[in-house]
Amino acid sequence: MLRVIGKRLALLVPTLVGLSLLLFLWVRALPGGPATALLGERATPEAIERINALYGFDRPLWEQYVTYMGRLLTGDFGVSIETGRPVLEEFARRFPATLELATFAILFAVLIGVPLGYFAAKHYGRLVDHGSVVLSLIGIVIPVFFLAFILKYLFAVQLGWFPPDGRQDPRIDATHFTGFWVLDGLLTGELDAAGDAFLHLVLPGIALGTIPLAIIVRITRASVLDVLGADYVRTARAKGILESTIRDRFVLRNAMLPVVTTIGLQVGLLISGAVLTETVFAFSGVGQFLASSIFARDFPVLQGFILFIAIGYALINLIVDVSYSFIDPRVRVQ
């Protein structure tokens, strides 16, 4: 197992090098050059010359790339043009909020999607099956930002059941030391702060988790249907094995491989897709910061974000591959 993990981590290196090269060339290929794209309407010849000298854009490309890679290897992702602080520091300060939101969204999707998909497969062709298929299609086609606005207007503005924006009521004097505000409240015993932070997660978490929920329902339903028709399931029933044992040991365990793969992919999409949700709910995470960086032409932040997402995807895929051996012993033998 350690050898497999080592090989996968080694394969991550050329992937990140190739991605860094594409990002480097993308910034240099912007119309008018990176300095012109950065300055926008303020792009006078004197200002362009000053920016080129400041960021080294006037040096040969190979020299710029070597310098760029040298900084990446030392953990220097550049300085945010908008805030003037290191990109790594900005992401470290905001990433816990996005990760907390993504965790709520994926738990919402998995805890509802897997049972609903299994239940739909068990009642194949009945009303509950058709209903789950229709609901999953609706969940996939509704844009995230539109659903976010609907949830916010209905449950926050009209009904007042949930807070409309932010991560926590500013009137609450809460202790924050991990960046995960719900966890902070639980660890410090400030249950009112933890409860309020959790309420602030509900609406953006549901909006963000709806598409993964719909996909997980469809994949679980299809996978369970495939396993239910297998010979070993019919043999187990013929032997009189309890239905709960068949469900846990034969059906769900064998149906989980494609579901786990889907969940892993959706986790990566949640982190990268939180931009619209965080913007609608003014949720101070990486997504909202990235949205403001796009308008501010903050290219160091954009480059750093894409690299972080690539690393996250690779690590999530590694975790998914390792989990296969625990779900299916045949994978472990191979």
# chains A, B, ... in the order shown; residues from 1 in each chain; ligands from 1
$ residues_around --residues "Ile142 (chain A)" --least-positions-apart "4" --cutoff "12 Å" --atoms "only C-alpha atoms" --output "MDAnalysis selection string"
chainID A and resid 135:138 146:150 207:211 214
$ write_last_selection --atoms "N, CA and C atoms" --output "PDB file, in the first residue's frame"
ATOM      1  N   LEU A 135     -36.359  14.125  -9.411  1.00  0.00           N
ATOM      2  CA  LEU A 135     -35.728  15.081  -8.500  1.00  0.00           C
ATOM      3  C   LEU A 135     -34.234  15.218  -8.778  1.00  0.00           C
ATOM      4  N   SER A 136     -33.585  14.103  -9.112  1.00  0.00           N
ATOM      5  CA  SER A 136     -32.153  14.175  -9.411  1.00  0.00           C
ATOM      6  C   SER A 136     -31.902  14.963 -10.691  1.00  0.00           C
ATOM      7  N   LEU A 137     -32.768  14.818 -11.673  1.00  0.00           N
ATOM      8  CA  LEU A 137     -32.621  15.599 -12.910  1.00  0.00           C
ATOM      9  C   LEU A 137     -32.806  17.086 -12.639  1.00  0.00           C
ATOM     10  N   ILE A 138     -33.795  17.402 -11.799  1.00  0.00           N
ATOM     11  CA  ILE A 138     -34.018  18.811 -11.448  1.00  0.00           C
ATOM     12  C   ILE A 138     -32.803  19.370 -10.712  1.00  0.00           C
ATOM     13  N   PHE A 146     -28.604  30.271  -9.027  1.00  0.00           N
ATOM     14  CA  PHE A 146     -30.045  30.499  -9.017  1.00  0.00           C
ATOM     15  C   PHE A 146     -30.681  29.848  -7.791  1.00  0.00           C
ATOM     16  N   LEU A 147     -30.275  28.613  -7.504  1.00  0.00           N
ATOM     17  CA  LEU A 147     -30.791  27.933  -6.315  1.00  0.00           C
ATOM     18  C   LEU A 147     -30.376  28.675  -5.052  1.00  0.00           C
ATOM     19  N   ALA A 148     -29.157  29.203  -5.039  1.00  0.00           N
ATOM     20  CA  ALA A 148     -28.691  29.949  -3.871  1.00  0.00           C
ATOM     21  C   ALA A 148     -29.559  31.185  -3.633  1.00  0.00           C
ATOM     22  N   PHE A 149     -29.885  31.914  -4.693  1.00  0.00           N
ATOM     23  CA  PHE A 149     -30.748  33.093  -4.557  1.00  0.00           C
ATOM     24  C   PHE A 149     -32.149  32.696  -4.069  1.00  0.00           C
ATOM     25  N   ILE A 150     -32.694  31.603  -4.606  1.00  0.00           N
ATOM     26  CA  ILE A 150     -34.025  31.153  -4.197  1.00  0.00           C
ATOM     27  C   ILE A 150     -34.034  30.772  -2.719  1.00  0.00           C
ATOM     28  N   ALA A 207     -27.282  24.637  -1.110  1.00  0.00           N
ATOM     29  CA  ALA A 207     -27.146  25.105  -2.492  1.00  0.00           C
ATOM     30  C   ALA A 207     -25.936  24.464  -3.168  1.00  0.00           C
ATOM     31  N   LEU A 208     -24.829  24.376  -2.445  1.00  0.00           N
ATOM     32  CA  LEU A 208     -23.614  23.815  -3.016  1.00  0.00           C
ATOM     33  C   LEU A 208     -23.698  22.301  -3.173  1.00  0.00           C
ATOM     34  N   GLY A 209     -24.437  21.643  -2.274  1.00  0.00           N
ATOM     35  CA  GLY A 209     -24.486  20.185  -2.290  1.00  0.00           C
ATOM     36  C   GLY A 209     -25.585  19.585  -3.134  1.00  0.00           C
ATOM     37  N   THR A 210     -26.435  20.404  -3.749  1.00  0.00           N
ATOM     38  CA  THR A 210     -27.575  19.872  -4.501  1.00  0.00           C
ATOM     39  C   THR A 210     -27.137  19.083  -5.729  1.00  0.00           C
ATOM     40  N   ILE A 211     -26.215  19.623  -6.514  1.00  0.00           N
ATOM     41  CA  ILE A 211     -25.754  18.904  -7.708  1.00  0.00           C
ATOM     42  C   ILE A 211     -25.039  17.604  -7.342  1.00  0.00           C
ATOM     43  N   ALA A 214     -27.712  15.052  -6.411  1.00  0.00           N
ATOM     44  CA  ALA A 214     -28.414  14.474  -7.566  1.00  0.00           C
ATOM     45  C   ALA A 214     -27.557  13.425  -8.275  1.00  0.00           C
TER      46      ALA A 214
END
$ residues_around --residues "region 296-302 of chain A" --least-positions-apart "3" --cutoff "10 Å" --atoms "only C-alpha atoms" --output "count of residues only"
28
$ select_by_dssp --residues "region 152-250 of chain A" --states "alpha helix (DSSP H)" --output "MDAnalysis selection string"
chainID A and resid 181:188 191:228 231:238 243:245
$ closest_residue --among "A:Pro60, A:Gly185, A:Gly179, A:Gly304" --to "Arg94 (chain A)" --atoms "only C-alpha atoms"
A:Gly179
$ closest_atom_pairs --of "region 209-303 of chain A" --to "region 165-176 of chain A" --cutoff "7 Å" --atoms "only C-alpha atoms" --output "tab-separated table"
residue	atom	partner	partner_atom	distance
A:Phe281	CA	A:Asp165	CA	4.4
A:Ala282	CA	A:Gly166	CA	5.3
A:Phe283	CA	A:Gly166	CA	4.8
A:Ser284	CA	A:Gly166	CA	6.8
$ write_last_selection --atoms "N, CA, C and O atoms" --output "short mmCIF file (atom, residue, chain, number, x, y, z; two decimals), in the first residue's frame"
data_model
loop_
_atom_site.label_atom_id
_atom_site.label_comp_id
_atom_site.auth_asym_id
_atom_site.auth_seq_id
_atom_site.Cartn_x
_atom_site.Cartn_y
_atom_site.Cartn_z
N PHE A 281 -23.86 34.34 -0.75
CA PHE A 281 -24.09 34.38 0.69
C PHE A 281 -23.03 35.19 1.45
O PHE A 281 -23.01 35.14 2.68
N ALA A 282 -22.17 35.91 0.72
CA ALA A 282 -21.11 36.70 1.35
C ALA A 282 -20.35 35.87 2.37
O ALA A 282 -20.07 36.30 3.49
N PHE A 283 -20.03 34.65 1.99
CA PHE A 283 -19.34 33.69 2.86
C PHE A 283 -17.84 33.89 2.65
O PHE A 283 -17.31 33.65 1.57
N SER A 284 -17.15 34.31 3.67
CA SER A 284 -15.75 34.76 3.52
C SER A 284 -14.78 33.60 3.40
O SER A 284 -13.98 33.34 4.30
#
$ closest_residue --among "A:Leu201, A:Leu315, A:Leu213, A:Leu183" --to "Phe104 (chain A)" --atoms "only C-alpha atoms"
A:Leu201
$ atom_distance --atom1 "CA of Leu72 (chain A)" --atom2 "CA of Ser20 (chain A)"
9.1 Å
$ atom_distance --atom1 "CA of Val202 (chain A)" --atom2 "CA of Phe108 (chain A)"
9.5 Å
$ atom_distance --atom1 "CA of Gly285 (chain A)" --atom2 "CA of Ile106 (chain A)"
16.6 Å
$ closest_residue --among "A:Thr74, A:Ala102, A:Pro14, A:Leu22" --to "Phe180 (chain A)" --atoms "only C-alpha atoms"
A:Ala102
